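Peer 1: Coordinates in target.txt, compact mmCIF, C-alpha atoms, are listed below.
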# COMPACT_ATOMS: atom_id res chain seq x y z
CA MET G 24 -50.40 99.76 -98.43
CA VAL G 25 -51.77 103.16 -99.55
CA SER G 26 -50.01 104.92 -96.68
CA TYR G 27 -46.74 103.16 -97.62
CA ILE G 28 -47.01 104.40 -101.25
CA LYS G 29 -47.91 107.89 -100.00
CA SER G 30 -44.96 108.08 -97.62
CA ASN G 31 -42.64 106.72 -100.29
CA LYS G 32 -43.81 109.43 -102.72
CA MET G 33 -43.23 112.09 -100.05
CA ASN G 34 -39.79 110.67 -99.48
CA HIS G 35 -38.95 110.95 -103.20
CA LYS G 36 -40.18 114.55 -103.23
CA SER G 37 -38.10 115.55 -100.23
CA ILE G 38 -35.03 113.90 -101.79
CA HIS G 39 -35.61 115.70 -105.12
CA LYS G 40 -35.64 119.04 -103.29
CA ASP G 41 -32.15 118.42 -101.95
CA LEU G 42 -30.42 116.95 -105.00
CA ILE G 43 -28.92 120.21 -106.29
CA PHE G 44 -27.55 120.96 -102.81
CA TYR G 45 -26.25 117.39 -102.60
CA LEU G 46 -24.35 117.97 -105.86
CA ASP G 47 -22.84 121.17 -104.45
CA ASN G 48 -21.96 119.40 -101.19
CA GLU G 49 -24.06 121.84 -99.18
CA LEU G 50 -26.09 119.37 -97.09
CA SER G 51 -25.55 118.63 -93.42
CA VAL G 52 -23.83 115.32 -92.67
CA GLU G 53 -27.09 113.71 -91.46
CA ARG G 54 -29.10 114.86 -94.45
CA LYS G 55 -26.35 113.78 -96.82
CA THR G 56 -26.45 110.27 -95.33
CA VAL G 57 -30.23 110.09 -95.75
CA VAL G 58 -29.99 111.22 -99.39
CA GLU G 59 -27.18 108.77 -100.16
CA LYS G 60 -29.09 105.89 -98.57
CA HIS G 61 -32.17 106.71 -100.60
CA LEU G 62 -30.13 106.99 -103.81
CA GLU G 63 -28.68 103.52 -103.26
CA GLU G 64 -32.20 102.05 -103.29
CA CYS G 65 -33.98 104.29 -105.79
CA ALA G 66 -33.09 104.08 -109.48
CA ASP G 67 -35.50 106.90 -110.43
CA CYS G 68 -33.83 109.37 -108.07
CA ARG G 69 -30.39 108.28 -109.30
CA SER G 70 -31.50 108.99 -112.83
CA ILE G 71 -32.73 112.46 -111.82
CA LEU G 72 -29.46 113.12 -110.03
CA ALA G 73 -27.52 112.15 -113.18
CA PHE G 74 -29.72 114.47 -115.26
CA LEU G 75 -29.13 117.40 -112.88
CA GLN G 76 -25.41 116.68 -112.79
CA GLU G 77 -25.18 116.74 -116.60
CA GLU G 78 -27.10 120.02 -116.70
CA MET G 79 -24.86 121.66 -114.13
CA GLN G 80 -21.77 120.44 -115.98
CA VAL G 81 -22.81 122.66 -118.89
CA ILE G 82 -21.65 125.61 -116.77
CA GLY G 83 -18.15 124.14 -116.52
CA LYS G 84 -17.98 123.67 -120.30
CA GLU G 85 -19.09 127.23 -121.02
CA LYS G 86 -16.88 128.92 -118.47
CA ASN G 87 -13.92 131.09 -119.52
CA PRO G 88 -14.36 131.26 -123.28
CA GLU G 89 -11.48 132.24 -125.56
CA VAL G 90 -11.67 135.98 -126.18
CA SER G 91 -11.13 137.25 -129.72
CA PRO G 92 -7.45 138.14 -130.32
CA PHE G 93 -8.62 141.43 -131.85
CA PHE G 94 -10.55 142.43 -128.75
CA TYR G 95 -8.31 145.36 -127.82
CA THR G 96 -7.82 146.46 -131.45
CA ARG G 97 -11.60 146.69 -131.91
CA LEU G 98 -11.97 148.43 -128.57
CA SER G 99 -9.25 150.92 -129.43
CA ALA G 100 -10.99 151.74 -132.74
CA LYS G 101 -14.28 152.24 -130.88
CA LEU G 102 -12.54 154.51 -128.39
CA ASP G 103 -11.41 156.79 -131.22
CA LYS G 104 -14.82 156.85 -132.90
CA LYS G 105 -17.44 156.51 -130.23
CA PRO G 106 -18.09 160.05 -128.86
CA ASP G 107 -19.67 161.41 -132.10
CA SER G 108 -21.91 158.44 -132.69
CA GLN G 109 -22.87 158.29 -129.03
CA ALA G 110 -23.77 161.96 -128.95
CA GLN G 111 -25.75 161.50 -132.16
CA SER G 112 -27.54 158.42 -130.89
CA GLN G 113 -28.44 160.25 -127.66
CA TRP G 114 -29.86 163.12 -129.71
CA VAL G 115 -31.79 160.68 -131.89
CA ARG G 116 -33.05 158.88 -128.80
CA LEU G 117 -34.49 162.15 -127.46
CA ALA G 118 -35.69 163.60 -130.78
CA GLN G 119 -37.47 160.48 -132.06
CA PRO G 120 -40.09 160.15 -129.30
CA ALA G 121 -40.59 163.94 -129.25
CA PHE G 122 -41.21 163.96 -133.00
CA PHE G 123 -43.65 161.05 -132.87
CA SER G 124 -45.48 162.54 -129.87
CA LEU G 125 -45.85 165.83 -131.77
CA LEU G 126 -47.14 163.93 -134.82
CA LEU G 127 -49.64 162.11 -132.62
CA VAL G 128 -50.86 165.37 -131.00
CA ILE G 129 -51.23 167.01 -134.43
CA GLY G 130 -53.12 163.97 -135.68
CA ILE G 131 -55.51 163.98 -132.71
CA TYR G 132 -56.03 167.76 -132.95
CA GLY G 133 -56.62 167.53 -136.72
CA GLY G 134 -59.06 164.67 -136.23
CA LEU G 135 -61.01 166.60 -133.59
CA LYS G 136 -61.10 169.73 -135.76
CA LEU G 137 -62.34 167.80 -138.79
CA GLY G 138 -64.92 166.05 -136.65
CA SER G 139 -66.28 169.30 -135.24
CA ASN G 140 -66.43 170.89 -138.74
CA ALA G 141 -68.34 167.94 -140.08
CA SER G 142 -70.86 168.08 -137.27
CA SER G 143 -71.37 171.87 -137.69
CA LEU G 144 -71.93 171.38 -141.47
CA LYS G 145 -74.60 168.84 -140.74
CA VAL G 146 -76.44 171.25 -138.49
CA ASN G 147 -76.21 174.36 -140.72
CA GLN G 148 -76.69 172.92 -144.18
CA PRO G 149 -79.77 170.91 -144.94
CA ALA G 150 -79.23 167.78 -146.98
CA THR G 151 -81.69 168.90 -149.62
CA ASN G 152 -79.15 171.43 -151.08
CA SER G 153 -76.99 168.75 -152.62
CA VAL G 154 -80.09 166.99 -153.93
CA GLN G 155 -81.17 170.24 -155.55
CA MET G 156 -77.77 170.60 -157.28
CA LEU G 157 -78.15 167.14 -158.75
CA ASN G 158 -81.66 167.96 -159.86
CA ASP G 159 -80.33 171.04 -161.75
CA PHE G 160 -78.43 168.70 -164.00
CA ALA G 161 -81.65 166.91 -164.71
CA ASP G 162 -83.25 170.21 -165.83
CA GLU G 163 -80.37 171.15 -168.12
CA PRO G 164 -79.13 168.23 -170.28
CA ILE G 165 -75.37 167.90 -170.72
CA GLU G 166 -75.61 168.23 -174.52
CA SER G 167 -77.12 171.73 -174.35
CA PHE G 168 -74.51 172.70 -171.73
CA LEU G 169 -71.67 171.70 -174.06
CA LEU G 170 -73.28 173.48 -177.04
CA ASP G 171 -73.49 176.69 -174.99
CA GLU G 172 -69.75 176.42 -174.31
CA LEU G 173 -69.02 176.35 -178.08
CA MET D 16 1.87 148.20 -112.15
CA ASP D 17 -0.66 148.01 -109.30
CA GLU D 18 -4.37 148.87 -109.49
CA ALA D 19 -4.00 152.41 -108.15
CA GLN D 20 -1.32 153.24 -110.72
CA LEU D 21 -3.42 151.72 -113.51
CA ILE D 22 -6.44 153.81 -112.54
CA LYS D 23 -4.34 156.94 -112.21
CA GLY D 24 -2.94 156.33 -115.70
CA ILE D 25 -6.42 155.79 -117.17
CA GLN D 26 -7.70 158.92 -115.42
CA GLN D 27 -4.95 160.84 -117.21
CA GLY D 28 -6.02 159.28 -120.54
CA ASP D 29 -3.01 156.98 -120.83
CA ARG D 30 -3.82 154.32 -123.44
CA LYS D 31 -1.03 151.98 -122.32
CA SER D 32 -2.50 151.72 -118.81
CA PHE D 33 -5.90 151.14 -120.37
CA GLN D 34 -4.54 148.35 -122.57
CA ILE D 35 -2.99 146.64 -119.54
CA LEU D 36 -6.30 146.85 -117.70
CA VAL D 37 -8.22 145.46 -120.69
CA GLU D 38 -5.82 142.58 -121.21
CA SER D 39 -5.89 141.68 -117.53
CA TYR D 40 -9.66 141.66 -117.20
CA GLN D 41 -11.13 140.99 -120.66
CA ARG D 42 -11.67 137.25 -120.08
CA MET D 43 -13.36 137.90 -116.75
CA VAL D 44 -15.71 140.53 -118.19
CA VAL D 45 -16.59 138.46 -121.29
CA ASN D 46 -17.24 135.41 -119.09
CA THR D 47 -19.56 137.40 -116.82
CA CYS D 48 -21.52 138.83 -119.74
CA LEU D 49 -21.68 135.44 -121.47
CA ALA D 50 -23.11 133.81 -118.35
CA ILE D 51 -26.01 136.25 -118.50
CA VAL D 52 -26.65 136.74 -122.24
CA HIS D 53 -25.53 133.25 -123.47
CA ASN D 54 -24.18 134.54 -126.78
CA LYS D 55 -20.47 135.03 -127.36
CA ALA D 56 -20.72 137.84 -129.91
CA ASP D 57 -23.10 139.80 -127.68
CA ALA D 58 -20.89 139.10 -124.65
CA GLU D 59 -17.81 140.51 -126.43
CA ASP D 60 -19.72 143.60 -127.58
CA LEU D 61 -20.96 144.15 -124.05
CA ALA D 62 -17.47 143.68 -122.63
CA GLN D 63 -16.19 146.34 -125.03
CA ASP D 64 -18.89 148.73 -123.84
CA VAL D 65 -17.91 147.97 -120.23
CA PHE D 66 -14.29 148.96 -120.91
CA LEU D 67 -15.35 152.06 -122.83
CA GLU D 68 -17.42 153.12 -119.83
CA ILE D 69 -14.44 152.49 -117.56
CA PHE D 70 -12.20 154.66 -119.74
CA ARG D 71 -14.74 157.50 -119.93
CA THR D 72 -15.75 157.52 -116.27
CA ALA D 73 -12.39 156.65 -114.70
CA GLU D 74 -12.24 160.01 -112.90
CA ASN D 75 -15.34 158.99 -110.88
CA PHE D 76 -13.59 155.91 -109.52
CA ARG D 77 -12.88 156.65 -105.87
CA GLY D 78 -10.70 153.64 -105.26
CA ASP D 79 -12.68 152.35 -102.25
CA ALA D 80 -13.49 149.12 -104.10
CA LYS D 81 -11.43 146.78 -106.24
CA ILE D 82 -11.36 147.33 -110.03
CA SER D 83 -12.87 143.86 -110.49
CA THR D 84 -15.87 144.80 -108.31
CA TRP D 85 -16.42 147.90 -110.44
CA LEU D 86 -16.10 145.87 -113.65
CA TYR D 87 -18.48 143.14 -112.45
CA ARG D 88 -21.06 145.77 -111.49
CA ILE D 89 -21.00 147.45 -114.89
CA ALA D 90 -20.89 144.11 -116.75
CA THR D 91 -23.94 142.71 -114.95
CA ASN D 92 -25.93 145.94 -115.34
CA ARG D 93 -25.17 146.19 -119.05
CA SER D 94 -26.00 142.51 -119.62
CA LEU D 95 -29.35 142.89 -117.88
CA ASN D 96 -30.06 146.00 -119.95
CA LEU D 97 -29.37 144.09 -123.14
CA ILE D 98 -31.75 141.32 -122.08
CA ARG D 99 -34.45 143.89 -121.26
CA ASN D 100 -33.97 145.56 -124.66
CA ASN D 101 -34.11 142.20 -126.44
CA LYS D 102 -37.32 141.33 -124.60
CA ARG D 103 -38.82 144.65 -125.69
CA LYS D 104 -37.69 144.03 -129.29
CA ARG D 105 -39.15 140.52 -129.25
CA PHE D 106 -42.44 141.92 -127.97
CA PHE D 107 -42.65 144.37 -130.88
CA GLN D 108 -41.49 141.67 -133.31
CA SER D 109 -44.28 139.37 -132.12
CA ILE D 110 -46.76 142.18 -132.77
CA GLU D 111 -45.24 142.66 -136.22
CA GLU D 112 -45.42 138.94 -136.87
CA THR D 113 -49.12 138.87 -136.16
CA PHE D 114 -49.52 141.33 -139.04
CA THR D 115 -46.89 139.86 -141.42
CA GLY D 116 -47.88 136.24 -140.73
CA GLY D 117 -44.58 135.25 -139.05
CA ARG D 118 -42.32 135.74 -142.07
CA ASN D 119 -39.47 137.14 -139.95
CA ARG D 120 -39.34 134.28 -137.47
CA ASN D 121 -37.34 131.83 -139.62
CA SER D 122 -34.39 134.17 -140.06
CA GLU D 123 -34.21 134.77 -136.28
CA ILE D 124 -34.12 131.04 -135.50
CA SER D 125 -31.40 130.32 -138.03
CA GLU D 126 -29.28 133.16 -136.61
CA ASN D 127 -29.47 131.76 -133.08
CA SER D 128 -28.83 128.14 -133.98
CA GLY D 129 -25.78 129.12 -136.05
CA ASP D 130 -23.98 130.42 -133.00
CA GLN D 131 -22.14 127.19 -132.12
CA PRO D 132 -22.27 124.93 -135.17
CA ASP D 133 -19.68 122.39 -134.02
CA ARG D 134 -21.60 121.13 -130.97
CA ASN D 135 -23.78 118.07 -131.20
CA ILE D 136 -27.51 118.36 -130.73
CA THR D 137 -27.70 116.84 -127.23
CA ASP D 138 -25.11 119.25 -125.90
CA GLN D 139 -26.90 122.13 -127.56
CA GLN D 140 -30.27 121.03 -126.14
CA ARG D 141 -28.76 120.61 -122.71
CA SER D 142 -27.22 124.05 -122.70
CA ASP D 143 -30.40 125.62 -124.16
CA LEU D 144 -32.39 124.05 -121.36
CA LEU D 145 -30.04 125.39 -118.69
CA HIS D 146 -30.00 128.85 -120.28
CA ARG D 147 -33.79 128.93 -120.38
CA ALA D 148 -33.93 127.92 -116.73
CA ILE D 149 -31.37 130.58 -115.75
CA ASP D 150 -33.20 133.22 -117.80
CA ARG D 151 -36.43 132.50 -115.91
CA LEU D 152 -34.82 133.32 -112.57
CA PRO D 153 -35.59 136.74 -111.09
CA GLU D 154 -32.80 139.23 -111.95
CA LYS D 155 -31.12 139.35 -108.53
CA GLN D 156 -31.12 135.56 -108.18
CA ARG D 157 -29.71 135.27 -111.71
CA ILE D 158 -26.85 137.69 -111.02
CA ALA D 159 -25.93 136.11 -107.68
CA PHE D 160 -26.09 132.60 -109.15
CA THR D 161 -24.06 133.36 -112.29
CA LEU D 162 -21.36 135.23 -110.37
CA ASN D 163 -21.08 132.30 -107.99
CA LYS D 164 -21.20 129.53 -110.58
CA TYR D 165 -19.53 130.99 -113.67
CA GLU D 166 -17.04 133.28 -111.94
CA GLU D 167 -16.71 131.16 -108.79
CA LEU D 168 -16.85 134.27 -106.63
CA PRO D 169 -17.21 133.94 -102.86
CA TYR D 170 -20.44 135.18 -101.32
CA GLN D 171 -18.66 138.14 -99.69
CA GLN D 172 -17.46 139.51 -103.04
CA ILE D 173 -20.91 138.98 -104.60
CA ALA D 174 -22.36 140.99 -101.69
CA GLU D 175 -19.92 143.84 -102.47
CA ILE D 176 -20.73 143.77 -106.19
CA MET D 177 -24.49 143.71 -105.65
CA GLU D 178 -24.26 146.12 -102.69
CA ILE D 179 -26.36 143.86 -100.47
CA SER D 180 -25.72 141.93 -97.24
CA LEU D 181 -24.00 138.56 -97.07
CA ALA D 182 -27.21 136.96 -95.75
CA SER D 183 -29.12 138.30 -98.77
CA VAL D 184 -26.59 136.73 -101.14
CA GLU D 185 -26.90 133.38 -99.36
CA SER D 186 -30.66 133.55 -99.59
CA LEU D 187 -30.60 134.62 -103.27
CA ILE D 188 -28.30 131.77 -104.28
CA HIS D 189 -30.27 129.23 -102.27
CA ARG D 190 -33.53 130.31 -103.89
CA ALA D 191 -31.90 130.43 -107.33
CA LYS D 192 -30.73 126.82 -106.99
CA ARG D 193 -34.13 125.69 -105.75
CA ASN D 194 -35.91 127.44 -108.64
CA LEU D 195 -33.44 126.11 -111.16
CA GLN D 196 -33.84 122.58 -109.82
CA GLU D 197 -37.64 122.87 -109.98
CA GLN D 198 -37.53 123.93 -113.61
CA LEU D 199 -35.04 121.23 -114.59
CA LEU D 200 -37.05 118.54 -112.80
CA ASP D 201 -40.19 119.74 -114.49
CA CYS D 202 -38.45 119.36 -117.82
CA TYR D 203 -37.11 115.92 -116.86
CA LYS D 204 -40.64 114.75 -116.05
CA LYS D 205 -41.98 116.12 -119.34
CA LYS D 206 -39.00 114.56 -121.19
CA CYS D 207 -38.21 117.80 -123.00
CA VAL D 208 -34.57 116.79 -123.68
How would this structure read if it were set down as structure tokens?

Peer 2:
Amino acid sequence: MVSYIKSNKMNHKSIHKDLIFYLDNELSVERKTVVEKHLEECADCRSILAFLQEEMQVIGKEKNPEVSPFFYTRLSAKLDKKPDSQAQSQWVRLAQPAFFSLLLVIGIYGGLKLGSNASSLKVNQPATNSVQMLNDFADEPIESFLLDEL
Amino acid sequence: MDEAQLIKGIQQGDRKSFQILVESYQRMVVNTCLAIVHNKADAEDLAQDVFLEIFRTAENFRGDAKISTWLYRIATNRSLNLIRNNKRKRFFQSIEETFTGGRNRNSEISENSGDQPDRNITDQQRSDLLHRAIDRLPEKQRIAFTLNKYEELPYQQIAEIMEISLASVESLIHRAKRNLQEQLLDCYKKKCV
């Protein structure tokens, strides 16, 4: 029983593989007969075939669309205009990445420079200097500082 | 006027010859682009770019291939380029959306769904499903399949357009159909339509 179900499943699979070629009439005579015989007995495979057929019919519906009646008029206008804009767009296409690359390099260089300055400051200047400056304010009250200004 | 005369006229900058060429091939070029990009406005814009390229580079045309082969080649290349650019744009948009909280997504969806307002929802879903399946095919399979199905070109002409062997075209189309079928069956099983 199990082997029957298994072989039946395999049979379905092998039929599914050939359905698109069956629709296009590309199977050998023997294979076509096998597929047709199976389709007569199997409703599931018939349903799949119908689904595939409907999908492939979409191509027929989309084929050869009506082209706009102003196609040549638009093309002719483009033909008169295009060279300037194309030359400009080519220039822009080259200049834009070059500009952004330059900006990136400047940014990286600037970042490195700032980083190295900050690290050298740390080494040369002890942190106590800034503390001392703040302490000077404590020694001289702001009121007396303003009075001296007057 | 035969093809050689048309090309000679275009090479000399004759607009009348160019107009004849455009009117003879515009439907074919738009159809090819539409099969790849699935949007009529984009397909017409692409087709215009194809003809502009033809006008500007006509002197390079050696005449060893048919005009249609030349047109198909440019049309497929330009369509693939547009898809690649759109993918890139979508990638950056998705990054932007992660920062803006997806505010831009609604406008994009409404633009796409407004493309063919007169079709009922089942038709629209069906064609969306097929387009998605075609878009997932590798580029070469997609080109070979669309030229064969939408333009009904014989394998030999597809081989000339893609500059590959006849056996390669057969293999590409076979694999494209198999992949397409797999995706459609997967969707059928998941009941996505």

Peer 1: Please provide as an MDAnalysis selection string all residues within 9 Å of D:Arg193, with the sequence filter that same-chain residues fewer than 3 positions apart are discarded (counting only C-alpha atoms).

Peer 2: (chainID G and resid 40:41 43:44) or (chainID D and resid 188:190 196:198)

Peer 1: Select all residues from chain D having any atom no more than 8 Å from an atom of chain G (counting all atoms listed in the file, ignoring ligands), output as an mmCIF file with C-alpha atoms, keeping the file's coordinate frame.

Peer 2:
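Result written to result_30.cif:
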data_model
loop_
_atom_site.group_PDB
_atom_site.id
_atom_site.type_symbol
_atom_site.label_atom_id
_atom_site.label_comp_id
_atom_site.auth_asym_id
_atom_site.auth_seq_id
_atom_site.Cartn_x
_atom_site.Cartn_y
_atom_site.Cartn_z
ATOM 1 C CA GLN D 34 -4.540 148.350 -122.570
ATOM 2 C CA VAL D 37 -8.220 145.460 -120.690
ATOM 3 C CA GLU D 38 -5.820 142.580 -121.210
ATOM 4 C CA GLN D 41 -11.130 140.990 -120.660
ATOM 5 C CA ARG D 42 -11.670 137.250 -120.080
ATOM 6 C CA MET D 43 -13.360 137.900 -116.750
ATOM 7 C CA VAL D 45 -16.590 138.460 -121.290
ATOM 8 C CA ASN D 46 -17.240 135.410 -119.090
ATOM 9 C CA ALA D 50 -23.110 133.810 -118.350
ATOM 10 C CA GLU D 59 -17.810 140.510 -126.430
ATOM 11 C CA GLN D 63 -16.190 146.340 -125.030
ATOM 12 C CA LEU D 67 -15.350 152.060 -122.830
ATOM 13 C CA ARG D 141 -28.760 120.610 -122.710
ATOM 14 C CA SER D 142 -27.220 124.050 -122.700
ATOM 15 C CA LEU D 145 -30.040 125.390 -118.690
ATOM 16 C CA LYS D 164 -21.200 129.530 -110.580
ATOM 17 C CA TYR D 165 -19.530 130.990 -113.670
ATOM 18 C CA GLU D 166 -17.040 133.280 -111.940
ATOM 19 C CA LYS D 192 -30.730 126.820 -106.990
ATOM 20 C CA ARG D 193 -34.130 125.690 -105.750
ATOM 21 C CA GLN D 196 -33.840 122.580 -109.820
ATOM 22 C CA GLU D 197 -37.640 122.870 -109.980
ATOM 23 C CA LEU D 199 -35.040 121.230 -114.590
ATOM 24 C CA LEU D 200 -37.050 118.540 -112.800
ATOM 25 C CA TYR D 203 -37.110 115.920 -116.860
#

Peer 1: Counting only C-alpha atoms, find residues at most 12 Å from (-29.5, 127.2, -124.2) (file frame) and give them as a PyMOL selection string.

Peer 2: (chain G and resi 78+81-82+85) or (chain D and resi 49-54+127-128+130-131+136-150+208)

Peer 1: What's the separation between atom CA of D:Cys202 and atom CA of G:Asp47, in Å to one decimal place?

Peer 2: 20.6 Å

Peer 1: Which residue out of G:Val52, G:Ile131, G:Arg116, G:Val58 has the minimum interatomic distance to G:Ile38 when only C-alpha atoms are used?

Peer 2: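 Between G:Val52, G:Ile131, G:Arg116, G:Val58, the residue approaching G:Ile38 most closely is G:Val58.
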
Peer 1: Grab the atom CA of G:Asn34 to atom CA of D:Glu185 distance for me, in Å with one decimal place.

Peer 2: 26.1 Å

Peer 1: One number please: atom CA of D:Val44 to atom CA of D:Ala62, in Å, one decimal.

Peer 2: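 So the two atoms, atom CA of D:Val44 and atom CA of D:Ala62, lie 5.7 Å apart.
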
Peer 1: So that I can see what lies close to D:Glu18, please list as a PyMOL selection string the residues with an atom at most 12 Å from it, counting only C-alpha atoms and leaving out residues fewer than 2 positions away in the same chain.

Peer 2: chain D and resi 16+20-25+32-33+35-36+39-40+76+78-83

Peer 1: Determine, counting only C-alpha atoms, which protein, DNA and RNA residues have an atom within 8 Å of an atom of stretch 169-172 of chain D; residues of the same chain fewer than 2 positions away are not included. Present the result as number ranges by chain.

Peer 2: D: 84, 163, 167, 174-176, 181, 184-185

Peer 1: With all atoms listed in the file as the counted atoms, please give the residues lying no more than 12 Å from D:Asn96, apart from itself and same-chain residues fewer than 6 positions off, as number ranges by chain.

Peer 2: D: 48, 51-52, 61, 89-90, 102-103, 154

Peer 1: Using all atoms listed in the file, which of G:Phe123, G:Gln76, G:Glu53, G:Cys68 sits nearest G:Ser37?

Peer 2: G:Cys68

Peer 1: For stretch 40-58 of chain D, supply N, CA, C and O atoms and report the output as a PDB file, keeping the file's coordinate frame.

Peer 2:
ATOM      1  N   TYR D  40      -8.299 141.978-117.642  1.00  0.00           N
ATOM      2  CA  TYR D  40      -9.660 141.660-117.200  1.00  0.00           C
ATOM      3  C   TYR D  40     -10.622 141.250-118.310  1.00  0.00           C
ATOM      4  O   TYR D  40     -11.776 140.974-118.033  1.00  0.00           O
ATOM      5  N   GLN D  41     -10.176 141.225-119.569  1.00  0.00           N
ATOM      6  CA  GLN D  41     -11.130 140.990-120.660  1.00  0.00           C
ATOM      7  C   GLN D  41     -11.827 139.628-120.543  1.00  0.00           C
ATOM      8  O   GLN D  41     -13.046 139.520-120.728  1.00  0.00           O
ATOM      9  N   ARG D  42     -11.079 138.597-120.187  1.00  0.00           N
ATOM     10  CA  ARG D  42     -11.670 137.250-120.080  1.00  0.00           C
ATOM     11  C   ARG D  42     -12.743 137.220-118.983  1.00  0.00           C
ATOM     12  O   ARG D  42     -13.814 136.656-119.154  1.00  0.00           O
ATOM     13  N   MET D  43     -12.432 137.870-117.876  1.00  0.00           N
ATOM     14  CA  MET D  43     -13.360 137.900-116.750  1.00  0.00           C
ATOM     15  C   MET D  43     -14.666 138.619-117.132  1.00  0.00           C
ATOM     16  O   MET D  43     -15.766 138.133-116.849  1.00  0.00           O
ATOM     17  N   VAL D  44     -14.522 139.749-117.825  1.00  0.00           N
ATOM     18  CA  VAL D  44     -15.710 140.530-118.190  1.00  0.00           C
ATOM     19  C   VAL D  44     -16.539 139.782-119.246  1.00  0.00           C
ATOM     20  O   VAL D  44     -17.771 139.694-119.136  1.00  0.00           O
ATOM     21  N   VAL D  45     -15.856 139.204-120.254  1.00  0.00           N
ATOM     22  CA  VAL D  45     -16.590 138.460-121.290  1.00  0.00           C
ATOM     23  C   VAL D  45     -17.315 137.267-120.659  1.00  0.00           C
ATOM     24  O   VAL D  45     -18.476 136.998-120.965  1.00  0.00           O
ATOM     25  N   ASN D  46     -16.635 136.574-119.762  1.00  0.00           N
ATOM     26  CA  ASN D  46     -17.240 135.410-119.090  1.00  0.00           C
ATOM     27  C   ASN D  46     -18.494 135.800-118.307  1.00  0.00           C
ATOM     28  O   ASN D  46     -19.512 135.120-118.357  1.00  0.00           O
ATOM     29  N   THR D  47     -18.411 136.936-117.608  1.00  0.00           N
ATOM     30  CA  THR D  47     -19.560 137.400-116.820  1.00  0.00           C
ATOM     31  C   THR D  47     -20.746 137.732-117.729  1.00  0.00           C
ATOM     32  O   THR D  47     -21.877 137.336-117.458  1.00  0.00           O
ATOM     33  N   CYS D  48     -20.442 138.456-118.811  1.00  0.00           N
ATOM     34  CA  CYS D  48     -21.520 138.830-119.740  1.00  0.00           C
ATOM     35  C   CYS D  48     -22.099 137.588-120.410  1.00  0.00           C
ATOM     36  O   CYS D  48     -23.319 137.464-120.551  1.00  0.00           O
ATOM     37  N   LEU D  49     -21.230 136.663-120.789  1.00  0.00           N
ATOM     38  CA  LEU D  49     -21.680 135.440-121.470  1.00  0.00           C
ATOM     39  C   LEU D  49     -22.602 134.610-120.568  1.00  0.00           C
ATOM     40  O   LEU D  49     -23.580 134.037-121.029  1.00  0.00           O
ATOM     41  N   ALA D  50     -22.280 134.583-119.289  1.00  0.00           N
ATOM     42  CA  ALA D  50     -23.110 133.810-118.350  1.00  0.00           C
ATOM     43  C   ALA D  50     -24.530 134.362-118.289  1.00  0.00           C
ATOM     44  O   ALA D  50     -25.466 133.625-118.021  1.00  0.00           O
ATOM     45  N   ILE D  51     -24.673 135.643-118.589  1.00  0.00           N
ATOM     46  CA  ILE D  51     -26.010 136.250-118.500  1.00  0.00           C
ATOM     47  C   ILE D  51     -26.706 136.273-119.864  1.00  0.00           C
ATOM     48  O   ILE D  51     -27.882 135.981-119.966  1.00  0.00           O
ATOM     49  N   VAL D  52     -25.963 136.605-120.927  1.00  0.00           N
ATOM     50  CA  VAL D  52     -26.650 136.740-122.240  1.00  0.00           C
ATOM     51  C   VAL D  52     -26.569 135.489-123.103  1.00  0.00           C
ATOM     52  O   VAL D  52     -27.299 135.368-124.086  1.00  0.00           O
ATOM     53  N   HIS D  53     -25.655 134.548-122.783  1.00  0.00           N
ATOM     54  CA  HIS D  53     -25.530 133.250-123.470  1.00  0.00           C
ATOM     55  C   HIS D  53     -25.204 133.359-124.961  1.00  0.00           C
ATOM     56  O   HIS D  53     -25.603 132.492-125.746  1.00  0.00           O
ATOM     57  N   ASN D  54     -24.564 134.409-125.379  1.00  0.00           N
ATOM     58  CA  ASN D  54     -24.180 134.540-126.780  1.00  0.00           C
ATOM     59  C   ASN D  54     -22.824 135.220-126.826  1.00  0.00           C
ATOM     60  O   ASN D  54     -22.667 136.333-126.314  1.00  0.00           O
ATOM     61  N   LYS D  55     -21.840 134.545-127.461  1.00  0.00           N
ATOM     62  CA  LYS D  55     -20.470 135.030-127.360  1.00  0.00           C
ATOM     63  C   LYS D  55     -20.265 136.393-128.031  1.00  0.00           C
ATOM     64  O   LYS D  55     -19.567 137.257-127.504  1.00  0.00           O
ATOM     65  N   ALA D  56     -20.882 136.565-129.194  1.00  0.00           N
ATOM     66  CA  ALA D  56     -20.720 137.840-129.910  1.00  0.00           C
ATOM     67  C   ALA D  56     -21.290 138.991-129.082  1.00  0.00           C
ATOM     68  O   ALA D  56     -20.652 140.042-128.928  1.00  0.00           O
ATOM     69  N   ASP D  57     -22.484 138.774-128.528  1.00  0.00           N
ATOM     70  CA  ASP D  57     -23.100 139.800-127.680  1.00  0.00           C
ATOM     71  C   ASP D  57     -22.243 140.062-126.443  1.00  0.00           C
ATOM     72  O   ASP D  57     -22.080 141.204-126.026  1.00  0.00           O
ATOM     73  N   ALA D  58     -21.699 138.968-125.874  1.00  0.00           N
ATOM     74  CA  ALA D  58     -20.890 139.100-124.650  1.00  0.00           C
ATOM     75  C   ALA D  58     -19.636 139.935-124.939  1.00  0.00           C
ATOM     76  O   ALA D  58     -19.257 140.792-124.126  1.00  0.00           O
TER      77      ALA D  58
END
